[in-house]
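For reference, query_13.cif (mmCIF, C-alpha atoms):
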```cif
data_final
loop_
_atom_site.label_atom_id
_atom_site.label_comp_id
_atom_site.auth_asym_id
_atom_site.auth_seq_id
_atom_site.Cartn_x
_atom_site.Cartn_y
_atom_site.Cartn_z
CA MET A 933 34.67 -7.58 -29.62
CA ALA A 934 37.48 -5.07 -29.07
CA GLU A 935 34.99 -2.26 -29.45
CA ALA A 936 32.73 -3.70 -26.82
CA ALA A 937 35.56 -3.66 -24.31
CA TYR A 938 36.17 0.01 -25.01
CA ALA A 939 32.53 0.85 -24.54
CA ALA A 940 32.47 -0.84 -21.17
CA GLU A 941 35.28 1.39 -19.89
CA PRO A 942 34.45 5.00 -20.64
CA ARG A 943 37.09 7.56 -19.77
CA LEU A 944 36.45 8.91 -16.31
CA VAL A 945 35.54 12.58 -15.90
CA THR A 946 36.94 14.67 -13.06
CA ALA A 947 35.07 17.25 -10.99
CA ASP A 948 37.19 20.03 -12.54
CA GLU A 949 36.21 18.94 -16.04
CA LEU A 950 32.55 18.85 -15.02
CA LEU A 951 32.79 22.37 -13.59
CA ARG A 952 34.36 23.70 -16.81
CA MET A 953 31.81 22.07 -19.12
CA THR A 954 29.82 24.40 -21.35
CA ASP A 955 26.38 24.97 -19.89
CA ASP A 956 24.06 23.31 -22.39
CA GLY A 957 21.09 23.44 -20.05
CA VAL A 958 21.45 19.83 -18.96
CA ARG A 959 21.82 19.11 -15.24
CA ARG A 960 24.54 16.55 -14.62
CA GLU A 961 26.03 14.66 -11.71
CA LEU A 962 29.26 12.73 -11.51
CA VAL A 963 29.19 9.30 -9.88
CA ASP A 964 32.58 7.62 -9.51
CA GLY A 965 33.86 9.55 -12.52
CA GLU A 966 30.90 8.78 -14.73
CA LEU A 967 28.51 11.46 -15.91
CA THR A 968 24.80 11.05 -15.34
CA THR A 969 22.18 13.45 -16.61
CA MET A 970 19.01 14.47 -14.84
CA PRO A 971 15.85 15.49 -16.65
CA PRO A 972 14.14 18.60 -15.31
CA ALA A 973 11.95 17.91 -12.28
CA GLY A 974 8.18 17.89 -12.56
CA GLU A 975 6.11 20.66 -11.03
CA GLU A 976 5.10 18.82 -7.84
CA HIS A 977 8.75 17.93 -7.20
CA GLY A 978 9.88 21.52 -7.57
CA ALA A 979 7.02 22.93 -5.52
CA ILE A 980 7.79 20.64 -2.57
CA ALA A 981 11.53 21.31 -2.71
CA GLY A 982 10.78 25.04 -2.94
CA ASP A 983 8.44 25.06 0.05
CA PHE A 984 10.94 23.06 2.05
CA LEU A 985 13.78 25.40 1.27
CA VAL A 986 11.80 28.54 2.09
CA ASP A 987 10.87 27.18 5.51
CA LEU A 988 14.33 25.84 6.35
CA GLY A 989 16.02 28.89 4.89
CA HIS A 990 13.99 31.32 6.94
CA TYR A 991 14.86 29.50 10.14
CA VAL A 992 18.54 29.12 9.29
CA ARG A 993 18.82 32.83 8.37
CA THR A 994 16.98 34.04 11.45
CA HIS A 995 19.15 32.01 13.78
CA ARG A 996 22.37 32.40 11.77
CA LEU A 997 22.90 28.64 11.73
CA GLY A 998 24.69 28.30 8.39
CA GLN A 999 24.03 28.27 4.65
CA ILE A 1000 21.28 26.69 2.57
CA TYR A 1001 21.71 25.62 -1.06
CA THR A 1002 19.32 25.22 -4.00
CA ALA A 1003 19.13 22.21 -6.28
CA GLU A 1004 21.80 23.24 -8.77
CA THR A 1005 24.67 23.13 -6.27
CA GLY A 1006 27.31 20.43 -6.71
CA PHE A 1007 28.90 18.80 -3.69
CA LYS A 1008 32.12 16.90 -4.32
CA ILE A 1009 31.99 13.96 -1.96
CA ALA A 1010 34.67 11.64 -3.38
CA THR A 1011 37.97 12.01 -5.22
CA ASP A 1012 39.69 9.81 -7.81
CA PRO A 1013 37.31 8.78 -9.18
CA ASP A 1014 35.36 11.94 -8.46
CA THR A 1015 31.75 12.04 -7.31
CA VAL A 1016 29.77 15.27 -7.50
CA LEU A 1017 26.10 15.17 -6.50
CA CYS A 1018 23.41 17.83 -6.53
CA PRO A 1019 20.79 17.38 -3.81
CA ASP A 1020 17.38 19.01 -4.19
CA ALA A 1021 18.16 21.17 -1.15
CA ALA A 1022 21.01 21.26 1.35
CA PHE A 1023 22.29 22.93 4.50
CA VAL A 1024 25.83 23.36 5.82
CA ALA A 1025 26.35 24.43 9.45
CA GLN A 1026 27.96 27.81 10.14
CA GLU A 1027 31.09 26.42 11.78
CA ARG A 1028 31.90 24.48 8.61
CA ILE A 1029 31.14 27.49 6.42
CA SER A 1030 33.50 29.54 8.58
CA GLN A 1031 36.29 26.98 8.12
CA ILE A 1032 36.51 27.08 4.33
CA GLY A 1033 34.13 29.85 3.31
CA ILE A 1034 32.00 29.86 0.17
CA GLY A 1035 33.80 29.25 -3.12
CA LYS A 1036 33.10 29.46 -6.85
CA GLY A 1037 33.63 25.76 -7.50
CA PHE A 1038 31.82 22.75 -6.13
CA ARG A 1039 31.47 22.60 -2.37
CA ILE A 1040 33.99 20.09 -0.99
CA GLY A 1041 32.43 17.49 1.28
CA ALA A 1042 28.84 16.56 2.04
CA PRO A 1043 26.29 19.00 3.42
CA ASP A 1044 25.15 18.49 7.02
CA LEU A 1045 21.58 18.09 5.82
CA VAL A 1046 20.43 16.84 2.44
CA VAL A 1047 16.86 16.93 1.17
CA GLU A 1048 15.80 14.82 -1.78
CA VAL A 1049 12.34 14.70 -3.30
CA VAL A 1050 11.48 11.39 -4.97
CA SER A 1051 10.55 11.52 -8.67
CA PRO A 1052 8.09 9.08 -10.25
CA SER A 1053 10.86 7.57 -12.39
CA ASP A 1054 13.03 6.71 -9.36
CA SER A 1055 13.17 3.08 -8.36
CA ILE A 1056 12.25 2.40 -4.76
CA GLY A 1057 15.65 0.85 -3.96
CA LYS A 1058 17.65 3.60 -5.66
CA VAL A 1059 16.37 6.10 -3.11
CA ASP A 1060 18.12 4.15 -0.34
CA VAL A 1061 21.32 3.85 -2.34
CA LYS A 1062 21.45 7.61 -2.78
CA ALA A 1063 20.66 8.35 0.86
CA PHE A 1064 23.34 5.93 2.06
CA ARG A 1065 25.86 7.50 -0.31
CA TRP A 1066 25.26 10.87 1.36
CA LEU A 1067 25.56 9.36 4.84
CA ASP A 1068 28.78 7.55 3.91
CA ALA A 1069 30.18 10.91 2.73
CA GLY A 1070 29.58 12.42 6.17
CA CYS A 1071 26.11 13.89 5.84
CA ARG A 1072 24.39 13.90 9.24
CA MET A 1073 20.79 13.83 8.13
CA VAL A 1074 19.12 12.90 4.85
CA ILE A 1075 15.43 13.65 4.39
CA VAL A 1076 13.77 11.92 1.44
CA ILE A 1077 10.28 13.17 0.65
CA VAL A 1078 7.92 10.74 -1.06
CA PRO A 1079 5.05 12.81 -2.46
CA ASN A 1080 3.05 9.77 -3.59
CA TRP A 1081 2.86 8.45 -0.07
CA ARG A 1082 2.61 11.88 1.57
CA SER A 1083 5.53 10.68 3.57
CA ALA A 1084 9.16 11.40 4.35
CA THR A 1085 12.00 9.08 5.32
CA VAL A 1086 14.64 10.46 7.66
CA TYR A 1087 18.05 8.76 7.53
CA ARG A 1088 20.51 9.42 10.36
CA SER A 1089 22.60 6.30 9.76
CA ARG A 1090 22.18 2.98 7.98
CA ASP A 1091 20.57 1.62 11.13
CA ASP A 1092 18.52 4.68 12.00
CA VAL A 1093 15.96 5.18 9.25
CA ARG A 1094 12.55 6.53 10.22
CA VAL A 1095 9.44 6.84 8.11
CA LEU A 1096 7.28 9.90 8.86
CA ARG A 1097 3.71 10.29 7.74
CA GLU A 1098 1.58 13.28 6.93
CA ASN A 1099 0.71 14.12 10.53
CA ASP A 1100 4.30 13.88 11.73
CA VAL A 1101 6.77 16.70 12.14
CA ILE A 1102 10.26 16.84 10.65
CA ASP A 1103 12.68 17.75 13.43
CA GLY A 1104 16.07 19.32 12.74
CA GLY A 1105 17.47 17.50 15.79
CA ASP A 1106 21.11 18.31 16.46
CA VAL A 1107 21.67 19.23 12.79
CA VAL A 1108 19.33 22.25 12.65
CA PRO A 1109 18.59 22.70 16.38
CA GLY A 1110 15.11 23.93 17.14
CA TRP A 1111 13.78 23.71 13.57
CA THR A 1112 10.60 21.74 12.96
CA LEU A 1113 8.40 21.41 9.89
CA PRO A 1114 4.99 19.70 9.93
CA LEU A 1115 5.10 17.37 6.94
CA ARG A 1116 1.53 18.28 6.00
CA GLN A 1117 2.69 21.78 5.05
CA LEU A 1118 4.66 20.37 2.13
CA PHE A 1119 1.65 18.65 0.61
CA GLU A 1120 -0.87 21.49 0.85
CA MET B 556 15.63 0.89 -41.20
CA ALA B 557 12.34 -0.51 -42.49
CA ASN B 558 12.71 -3.31 -39.97
CA ALA B 559 12.74 -0.95 -37.02
CA ALA B 560 9.16 0.25 -37.41
CA PRO B 561 7.35 -3.07 -36.80
CA ALA B 562 9.54 -3.77 -33.78
CA ALA B 563 8.49 -0.51 -32.18
CA GLN B 564 4.83 -1.48 -32.48
CA PRO B 565 4.44 -5.12 -31.49
CA ALA B 566 1.07 -6.67 -32.17
CA LEU B 567 -1.12 -6.30 -29.10
CA LEU B 568 -2.18 -9.47 -27.36
CA THR B 569 -5.69 -10.08 -26.06
CA ALA B 570 -6.31 -11.62 -22.66
CA ASP B 571 -7.46 -14.84 -24.39
CA GLU B 572 -4.25 -15.12 -26.38
CA PHE B 573 -2.30 -14.27 -23.24
CA LEU B 574 -4.07 -17.03 -21.30
CA ARG B 575 -3.22 -19.58 -24.02
CA MET B 576 0.48 -18.64 -24.15
CA PRO B 577 2.68 -21.62 -23.36
CA ASP B 578 3.84 -21.52 -19.76
CA GLY B 579 7.49 -20.59 -20.07
CA GLY B 580 7.97 -20.81 -16.34
CA VAL B 581 7.92 -17.03 -16.29
CA ARG B 582 5.41 -14.93 -14.39
CA ARG B 583 3.87 -12.40 -16.72
CA GLU B 584 1.38 -9.59 -16.78
CA LEU B 585 -0.41 -8.11 -19.77
CA VAL B 586 -0.28 -4.33 -19.77
CA ARG B 587 -2.42 -2.67 -22.45
CA GLY B 588 -1.86 -5.61 -24.75
CA GLU B 589 1.87 -5.92 -24.12
CA VAL B 590 3.41 -8.83 -22.26
CA CYS B 591 5.62 -7.84 -19.30
CA GLU B 592 7.76 -10.54 -17.76
CA MET B 593 8.34 -10.46 -14.04
CA THR B 594 11.44 -11.89 -12.43
CA PRO B 595 10.70 -14.30 -9.59
CA ALA B 596 10.29 -12.54 -6.26
CA GLY B 597 13.01 -12.65 -3.64
CA SER B 598 12.49 -14.86 -0.61
CA ARG B 599 11.38 -12.13 1.78
CA HIS B 600 8.86 -10.86 -0.75
CA GLY B 601 7.29 -14.29 -1.09
CA ARG B 602 7.35 -15.00 2.62
CA ILE B 603 5.52 -11.77 3.39
CA GLY B 604 2.98 -12.29 0.62
CA MET B 605 2.33 -15.81 1.88
CA ARG B 606 1.86 -14.68 5.47
CA ILE B 607 -0.68 -12.04 4.49
CA ALA B 608 -2.48 -14.53 2.24
CA ALA B 609 -2.63 -17.13 5.01
CA ARG B 610 -4.06 -14.72 7.58
CA LEU B 611 -6.53 -13.21 5.14
CA SER B 612 -7.61 -16.57 3.80
CA GLY B 613 -8.18 -17.98 7.28
CA PHE B 614 -10.41 -15.07 8.24
CA VAL B 615 -12.33 -14.94 4.97
CA GLU B 616 -13.03 -18.68 5.05
CA ALA B 617 -14.06 -18.70 8.70
CA HIS B 618 -16.58 -15.92 8.09
CA GLY B 619 -17.72 -16.92 4.62
CA LEU B 620 -16.81 -13.54 3.18
CA GLY B 621 -15.64 -14.56 -0.28
CA GLU B 622 -12.52 -15.88 -2.00
CA VAL B 623 -8.79 -15.22 -1.59
CA TYR B 624 -6.43 -15.64 -4.56
CA GLY B 625 -2.67 -16.19 -4.61
CA PRO B 626 0.10 -14.61 -6.67
CA ASP B 627 -0.69 -16.61 -9.83
CA THR B 628 -4.18 -15.35 -10.50
CA GLY B 629 -4.66 -12.87 -13.31
CA PHE B 630 -7.35 -10.22 -13.02
CA MET B 631 -8.57 -8.68 -16.22
CA LEU B 632 -8.59 -4.98 -15.40
CA ALA B 633 -9.21 -3.46 -18.84
CA SER B 634 -10.19 -4.47 -22.37
CA ASP B 635 -9.05 -3.38 -25.81
CA PRO B 636 -6.20 -3.14 -25.24
CA ASP B 637 -6.36 -5.79 -22.53
CA THR B 638 -4.64 -5.46 -19.18
CA VAL B 639 -4.19 -8.46 -16.90
CA ARG B 640 -2.51 -7.86 -13.56
CA VAL B 641 -1.39 -10.43 -11.01
CA PRO B 642 -1.55 -9.08 -7.46
CA ASP B 643 0.46 -10.87 -4.76
CA VAL B 644 -2.71 -11.40 -2.72
CA SER B 645 -6.28 -10.57 -3.63
CA PHE B 646 -9.77 -10.92 -2.27
CA VAL B 647 -13.17 -10.94 -3.97
CA THR B 648 -16.40 -10.65 -1.98
CA ARG B 649 -18.72 -13.64 -1.82
CA GLU B 650 -21.39 -11.79 -3.79
CA ARG B 651 -19.08 -11.01 -6.72
CA ALA B 652 -17.36 -14.40 -6.61
CA THR B 653 -20.78 -16.12 -6.75
CA ARG B 654 -21.83 -14.05 -9.74
CA VAL B 655 -18.66 -14.86 -11.69
CA GLY B 656 -18.30 -18.46 -10.55
CA ASP B 657 -15.23 -20.65 -10.27
CA VAL B 658 -13.87 -19.80 -13.72
CA GLU B 659 -10.75 -21.25 -15.30
CA GLU B 660 -9.96 -18.04 -17.19
CA PHE B 661 -8.64 -14.83 -15.74
CA TRP B 662 -10.95 -13.25 -13.21
CA PRO B 663 -13.08 -10.81 -15.26
CA GLY B 664 -12.57 -7.58 -13.37
CA ALA B 665 -10.68 -6.24 -10.39
CA PRO B 666 -10.51 -7.88 -6.97
CA ASP B 667 -12.17 -5.93 -4.15
CA LEU B 668 -8.84 -5.92 -2.34
CA ALA B 669 -5.45 -6.13 -4.06
CA ILE B 670 -2.23 -6.45 -2.07
CA GLU B 671 1.13 -5.89 -3.73
CA VAL B 672 4.50 -6.47 -2.08
CA ILE B 673 6.98 -4.13 -3.73
CA SER B 674 10.61 -4.76 -4.64
CA PRO B 675 13.53 -2.30 -4.60
CA THR B 676 13.68 -2.38 -8.41
CA ASP B 677 10.08 -1.19 -8.80
CA ARG B 678 9.73 2.41 -9.89
CA PHE B 679 7.36 4.71 -8.02
CA SER B 680 5.61 5.47 -11.34
CA GLU B 681 4.99 1.74 -12.01
CA VAL B 682 3.41 1.30 -8.60
CA ASP B 683 1.22 4.38 -9.17
CA GLU B 684 0.14 3.07 -12.54
CA LYS B 685 -0.94 -0.25 -11.05
CA ILE B 686 -2.89 1.46 -8.28
CA GLU B 687 -4.75 3.57 -10.81
CA GLU B 688 -5.55 0.54 -12.95
CA TYR B 689 -6.96 -1.37 -10.00
CA PHE B 690 -9.25 1.48 -8.98
CA ALA B 691 -10.30 2.25 -12.55
CA ALA B 692 -11.42 -1.39 -12.77
CA GLY B 693 -13.50 -1.13 -9.58
CA CYS B 694 -11.12 -2.26 -6.87
CA ARG B 695 -12.03 -0.81 -3.47
CA MET B 696 -8.77 -1.15 -1.53
CA VAL B 697 -5.14 -1.49 -2.59
CA VAL B 698 -2.41 -2.22 -0.08
CA ILE B 699 1.23 -1.70 -1.05
CA VAL B 700 3.65 -3.44 1.30
CA ASN B 701 7.26 -2.26 1.48
CA PRO B 702 9.29 -4.93 3.32
CA ARG B 703 12.53 -2.97 3.37
CA ARG B 704 10.98 0.02 5.16
CA ARG B 705 8.52 -2.12 7.10
CA ILE B 706 5.63 0.06 6.07
CA ALA B 707 2.43 -0.38 4.11
CA THR B 708 0.38 2.19 2.25
CA VAL B 709 -3.35 1.64 2.15
CA TYR B 710 -5.24 3.23 -0.73
CA ARG B 711 -9.00 3.68 -0.79
CA SER B 712 -8.71 5.67 -4.00
CA PRO B 713 -5.63 6.79 -5.95
CA ASP B 714 -5.64 10.00 -3.87
CA ASP B 715 -6.66 8.60 -0.48
CA VAL B 716 -3.57 7.04 1.02
CA LEU B 717 -2.84 6.04 4.61
CA LEU B 718 0.69 5.09 5.56
CA LEU B 719 1.04 2.37 8.20
CA ARG B 720 4.18 1.64 10.15
CA GLU B 721 5.33 -1.55 11.78
CA ASP B 722 3.43 -0.84 15.00
CA ASP B 723 0.17 -0.15 13.17
CA VAL B 724 -2.65 -2.51 12.29
CA LEU B 725 -3.95 -3.14 8.79
CA ASP B 726 -7.76 -2.98 8.87
CA GLY B 727 -10.03 -4.57 6.29
CA GLY B 728 -12.55 -1.75 6.75
CA ASP B 729 -15.78 -2.22 4.80
CA VAL B 730 -13.96 -4.39 2.23
CA VAL B 731 -13.09 -7.28 4.57
CA PRO B 732 -15.22 -6.35 7.61
CA GLY B 733 -13.66 -7.34 10.90
CA TRP B 734 -10.29 -8.39 9.52
CA THR B 735 -7.25 -6.85 11.14
CA LEU B 736 -3.59 -7.73 10.80
CA PRO B 737 -0.82 -6.09 12.87
CA LEU B 738 1.98 -5.18 10.47
CA ALA B 739 4.53 -6.46 13.00
CA GLU B 740 3.17 -9.95 12.28
CA VAL B 741 3.57 -9.40 8.56
CA PHE B 742 7.24 -8.42 8.79
CA ARG B 743 8.24 -10.76 11.65
CA PHE B 744 10.83 -13.31 10.59
CA ASP B 745 10.33 -16.30 12.85
CA SER B 746 13.56 -18.10 12.11
CA GLY B 747 16.03 -15.90 13.95
CA ILE B 748 16.81 -12.23 14.21
CA SER B 749 14.86 -10.24 11.66
CA GLY B 750 16.72 -9.32 8.52
CA ARG B 751 16.72 -5.53 8.52
CA GLU B 752 18.76 -3.73 5.87
#
```
Could the structure of this file be written out as structure tokens, please?
Amino acid sequence: MAEAAYAAEPRLVTADELLRMTDDGVRRELVDGELTTMPPAGEEHGAIAGDFLVDLGHYVRTHRLGQIYTAETGFKIATDPDTVLCPDAAFVAQERISQIGIGKGFRIGAPDLVVEVVSPSDSIGKVDVKAFRWLDAGCRMVIVIVPNWRSATVYRSRDDVRVLRENDVIDGGDVVPGWTLPLRQLFE
Amino acid sequence: MANAAPAAQPALLTADEFLRMPDGGVRRELVRGEVCEMTPAGSRHGRIGMRIAARLSGFVEAHGLGEVYGPDTGFMLASDPDTVRVPDVSFVTRERATRVGDVEEFWPGAPDLAIEVISPTDRFSEVDEKIEEYFAAGCRMVVIVNPRRRIATVYRSPDDVLLLREDDVLDGGDVVPGWTLPLAEVFRFDSGISGRE
């Protein structure tokens, strides 16, 4: 029985320890001090995230709006216990980049925009939990793409959640002003 | 270690054996010969399923279009290994229902229309798998209702999906000709302010 108690309380890992871990090819996140591993994404997942990032990245570069990040980037959004998450794509506005620059370690704080592509193994409710976690950490817009439904869900707050369908257009709003992306483009 | 091998390969059940299983008060499905237990649905899930069933049943009966089945009816979607699924609401055309008759066993085949209300714990892959099974067995329309997002996805094949929002109308098309149901009516909670997340 004593062993069971131990097992239920694993030692918590810090963001620094995660950063210093030997790269064994496994993608990991840290949720409230506990390590979670992520299997590699399937092809459709990667293709959609890639297309999204190319479009957003081009616009952000052209208009010098900030920095975009690929899927490997860790964002530390909570301390003690530490939480480090890796969105499929992300954007941080220029004024926030200017404040603390770009470092070698995990980015501190949530991105302004997070993009997640749903994987078949995700549970439907878990997608909300993840999106709300980003919002709670200060993210201003979370876009969750659901390939199966050729749909995207845009979260601006817990009370402002909009479902877009194939013919709709993703709008950067006040987060990426002027940027729009017809959802259909991602599913071609 | 020798004990581990049999456990990994449980004996597959046939639909007949599955039908004769003692009722343990648990809702079950048979997926390729393996029994999957389903936890009881939450109250919103059941309320929404019931509302759709009531509207569909009223229309189908008034127009003599066929039969509507509730969330207890098993449809035998595949044989050897057997798969028996239990949609939340289903409809079979009069022609097919007449041919099969008012059987006590599982319905031998897919319904023409299957409606599933999904729960937050469902995985996207599980929902996909069900949709493919329904169509492979001859189903002509599958509707997946997502109460939390107040949307529904209407499939005419595993690749032909139409997403409906709360202000849209579900249309029976050539499967239930003439039947329409505004999604707002499906999600509306009559006993007070609606319970959004």
Give me, as a PDB file with C-alpha atoms, keeping the file's coordinate frame, the residues of chain B touching chain A, with the criterion being at most 10 Å (counting all atoms listed in the file).
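Output file part_4.pdb follows:
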```pdb
ATOM      1  CA  ILE B 673       6.980  -4.130  -3.730  1.00  0.00           C
ATOM      2  CA  SER B 674      10.610  -4.760  -4.640  1.00  0.00           C
ATOM      3  CA  PRO B 675      13.530  -2.300  -4.600  1.00  0.00           C
ATOM      4  CA  THR B 676      13.680  -2.380  -8.410  1.00  0.00           C
ATOM      5  CA  ASP B 677      10.080  -1.190  -8.800  1.00  0.00           C
ATOM      6  CA  ARG B 678       9.730   2.410  -9.890  1.00  0.00           C
ATOM      7  CA  PHE B 679       7.360   4.710  -8.020  1.00  0.00           C
ATOM      8  CA  SER B 680       5.610   5.470 -11.340  1.00  0.00           C
ATOM      9  CA  GLU B 681       4.990   1.740 -12.010  1.00  0.00           C
ATOM     10  CA  VAL B 682       3.410   1.300  -8.600  1.00  0.00           C
ATOM     11  CA  ASP B 683       1.220   4.380  -9.170  1.00  0.00           C
ATOM     12  CA  ASN B 701       7.260  -2.260   1.480  1.00  0.00           C
ATOM     13  CA  ARG B 703      12.530  -2.970   3.370  1.00  0.00           C
ATOM     14  CA  ARG B 704      10.980   0.020   5.160  1.00  0.00           C
ATOM     15  CA  ARG B 705       8.520  -2.120   7.100  1.00  0.00           C
ATOM     16  CA  ILE B 706       5.630   0.060   6.070  1.00  0.00           C
ATOM     17  CA  ALA B 707       2.430  -0.380   4.110  1.00  0.00           C
ATOM     18  CA  THR B 708       0.380   2.190   2.250  1.00  0.00           C
ATOM     19  CA  VAL B 709      -3.350   1.640   2.150  1.00  0.00           C
ATOM     20  CA  TYR B 710      -5.240   3.230  -0.730  1.00  0.00           C
ATOM     21  CA  PRO B 713      -5.630   6.790  -5.950  1.00  0.00           C
ATOM     22  CA  ASP B 714      -5.640  10.000  -3.870  1.00  0.00           C
ATOM     23  CA  ASP B 715      -6.660   8.600  -0.480  1.00  0.00           C
ATOM     24  CA  VAL B 716      -3.570   7.040   1.020  1.00  0.00           C
ATOM     25  CA  LEU B 717      -2.840   6.040   4.610  1.00  0.00           C
ATOM     26  CA  LEU B 718       0.690   5.090   5.560  1.00  0.00           C
ATOM     27  CA  LEU B 719       1.040   2.370   8.200  1.00  0.00           C
ATOM     28  CA  ARG B 720       4.180   1.640  10.150  1.00  0.00           C
ATOM     29  CA  ARG B 751      16.720  -5.530   8.520  1.00  0.00           C
ATOM     30  CA  GLU B 752      18.760  -3.730   5.870  1.00  0.00           C
TER      31      GLU B 752
END
```
Could you name the residues that touch Val1076 in chain A at 7 Å or less, counting all atoms listed in the file, but leaving out those on the same chain fewer than 6 positions away, as a ChimeraX atom specification? /A:1047-1050,1084-1086
Target residues per the PyMOL selection byres ((chain B and resi 599) around 12), formatted as an mmCIF file with C-alpha atoms, in the frame of the given file:
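Produced file part_9.cif, reproduced below:
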```cif
data_model
loop_
_atom_site.group_PDB
_atom_site.id
_atom_site.type_symbol
_atom_site.label_atom_id
_atom_site.label_comp_id
_atom_site.auth_asym_id
_atom_site.auth_seq_id
_atom_site.Cartn_x
_atom_site.Cartn_y
_atom_site.Cartn_z
ATOM 1 C CA PRO B 595 10.700 -14.300 -9.590
ATOM 2 C CA ALA B 596 10.290 -12.540 -6.260
ATOM 3 C CA GLY B 597 13.010 -12.650 -3.640
ATOM 4 C CA SER B 598 12.490 -14.860 -0.610
ATOM 5 C CA HIS B 600 8.860 -10.860 -0.750
ATOM 6 C CA GLY B 601 7.290 -14.290 -1.090
ATOM 7 C CA ARG B 602 7.350 -15.000 2.620
ATOM 8 C CA ILE B 603 5.520 -11.770 3.390
ATOM 9 C CA GLY B 604 2.980 -12.290 0.620
ATOM 10 C CA MET B 605 2.330 -15.810 1.880
ATOM 11 C CA ARG B 606 1.860 -14.680 5.470
ATOM 12 C CA VAL B 672 4.500 -6.470 -2.080
ATOM 13 C CA ILE B 673 6.980 -4.130 -3.730
ATOM 14 C CA SER B 674 10.610 -4.760 -4.640
ATOM 15 C CA PRO B 675 13.530 -2.300 -4.600
ATOM 16 C CA VAL B 700 3.650 -3.440 1.300
ATOM 17 C CA ASN B 701 7.260 -2.260 1.480
ATOM 18 C CA PRO B 702 9.290 -4.930 3.320
ATOM 19 C CA ARG B 703 12.530 -2.970 3.370
ATOM 20 C CA ARG B 705 8.520 -2.120 7.100
ATOM 21 C CA VAL B 741 3.570 -9.400 8.560
ATOM 22 C CA PHE B 742 7.240 -8.420 8.790
ATOM 23 C CA ARG B 743 8.240 -10.760 11.650
ATOM 24 C CA PHE B 744 10.830 -13.310 10.590
ATOM 25 C CA ASP B 745 10.330 -16.300 12.850
ATOM 26 C CA SER B 749 14.860 -10.240 11.660
ATOM 27 C CA GLY B 750 16.720 -9.320 8.520
ATOM 28 C CA ARG B 751 16.720 -5.530 8.520
ATOM 29 C CA GLU B 752 18.760 -3.730 5.870
#
```
Exercise for the section: Go through the shown structure with the PyMOL selection byres ((chain B and resi 669) around 9) and write out the matching residues as a ChimeraX atom specification. Expected result: /B:642-646,665-668,670-671,689,694-699
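The two atoms in question, CA of Gly1110 in chain A and CA of Asp1092 in chain A, are spaced 20.2 Å apart.
Using only C-alpha atoms, the nearest neighbour of Glu949 in chain A within the list A:Ile1032, A:Pro971, A:Cys1018, A:Phe1038 is A:Phe1038.
With all atoms listed in the file as the atoms that count, the minimum distance from Val1024 in chain A to the choices A:Leu944, A:Ala1003, A:Val986, A:Leu997 is reached by A:Leu997.
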Excluding range 1040-1045 of chain A and residues on its chain fewer than 4 positions from it, collect all residues at most 7 Å away from it, counting only C-alpha atoms, and give them as a count of residues only. 15
Separating CA of Glu622 in chain B from CA of Phe573 in chain B, to the nearest tenth of an Å, is a gap of 23.6 Å
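Counting from CA of Lys1036 in chain A, the distance to CA of Asp987 in chain A is 25.5 Å.
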**Message:** On this structure, the PyMOL selection byres ((chain B and resi 639) around 7) would catch which residues? List them as an MDAnalysis selection string, sorted by chain and number.
**Reply:** chainID B and resid 570 584:586 629:632 637:638 640:641
Across A:Glu1120, A:Ala973, A:Gly1037, A:Asp1106, the smallest distance to Arg952 in chain A, with all atoms listed in the file counted, is shown by A:Gly1037
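Proximity to Gly978 in chain A was assessed for A:Val1016, A:Ala1021, A:Leu1067, A:Ala947 counting all atoms listed in the file; the smallest distance is recorded for A:Ala1021.
In terms of minimum interatomic distance to His977 in chain A, A:Leu1118 ranks closest within A:Ala1063, A:Val945, A:Val963, A:Leu1118, counting only C-alpha atoms.
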**Prompt:** Between B:Ile686, B:Leu568, B:Glu589, B:Asp627, which has the minimum distance to Glu660 in chain B (counting all atoms listed in the file)?
**Reply:**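 Closest residue, counting all atoms listed in the file: B:Asp627.
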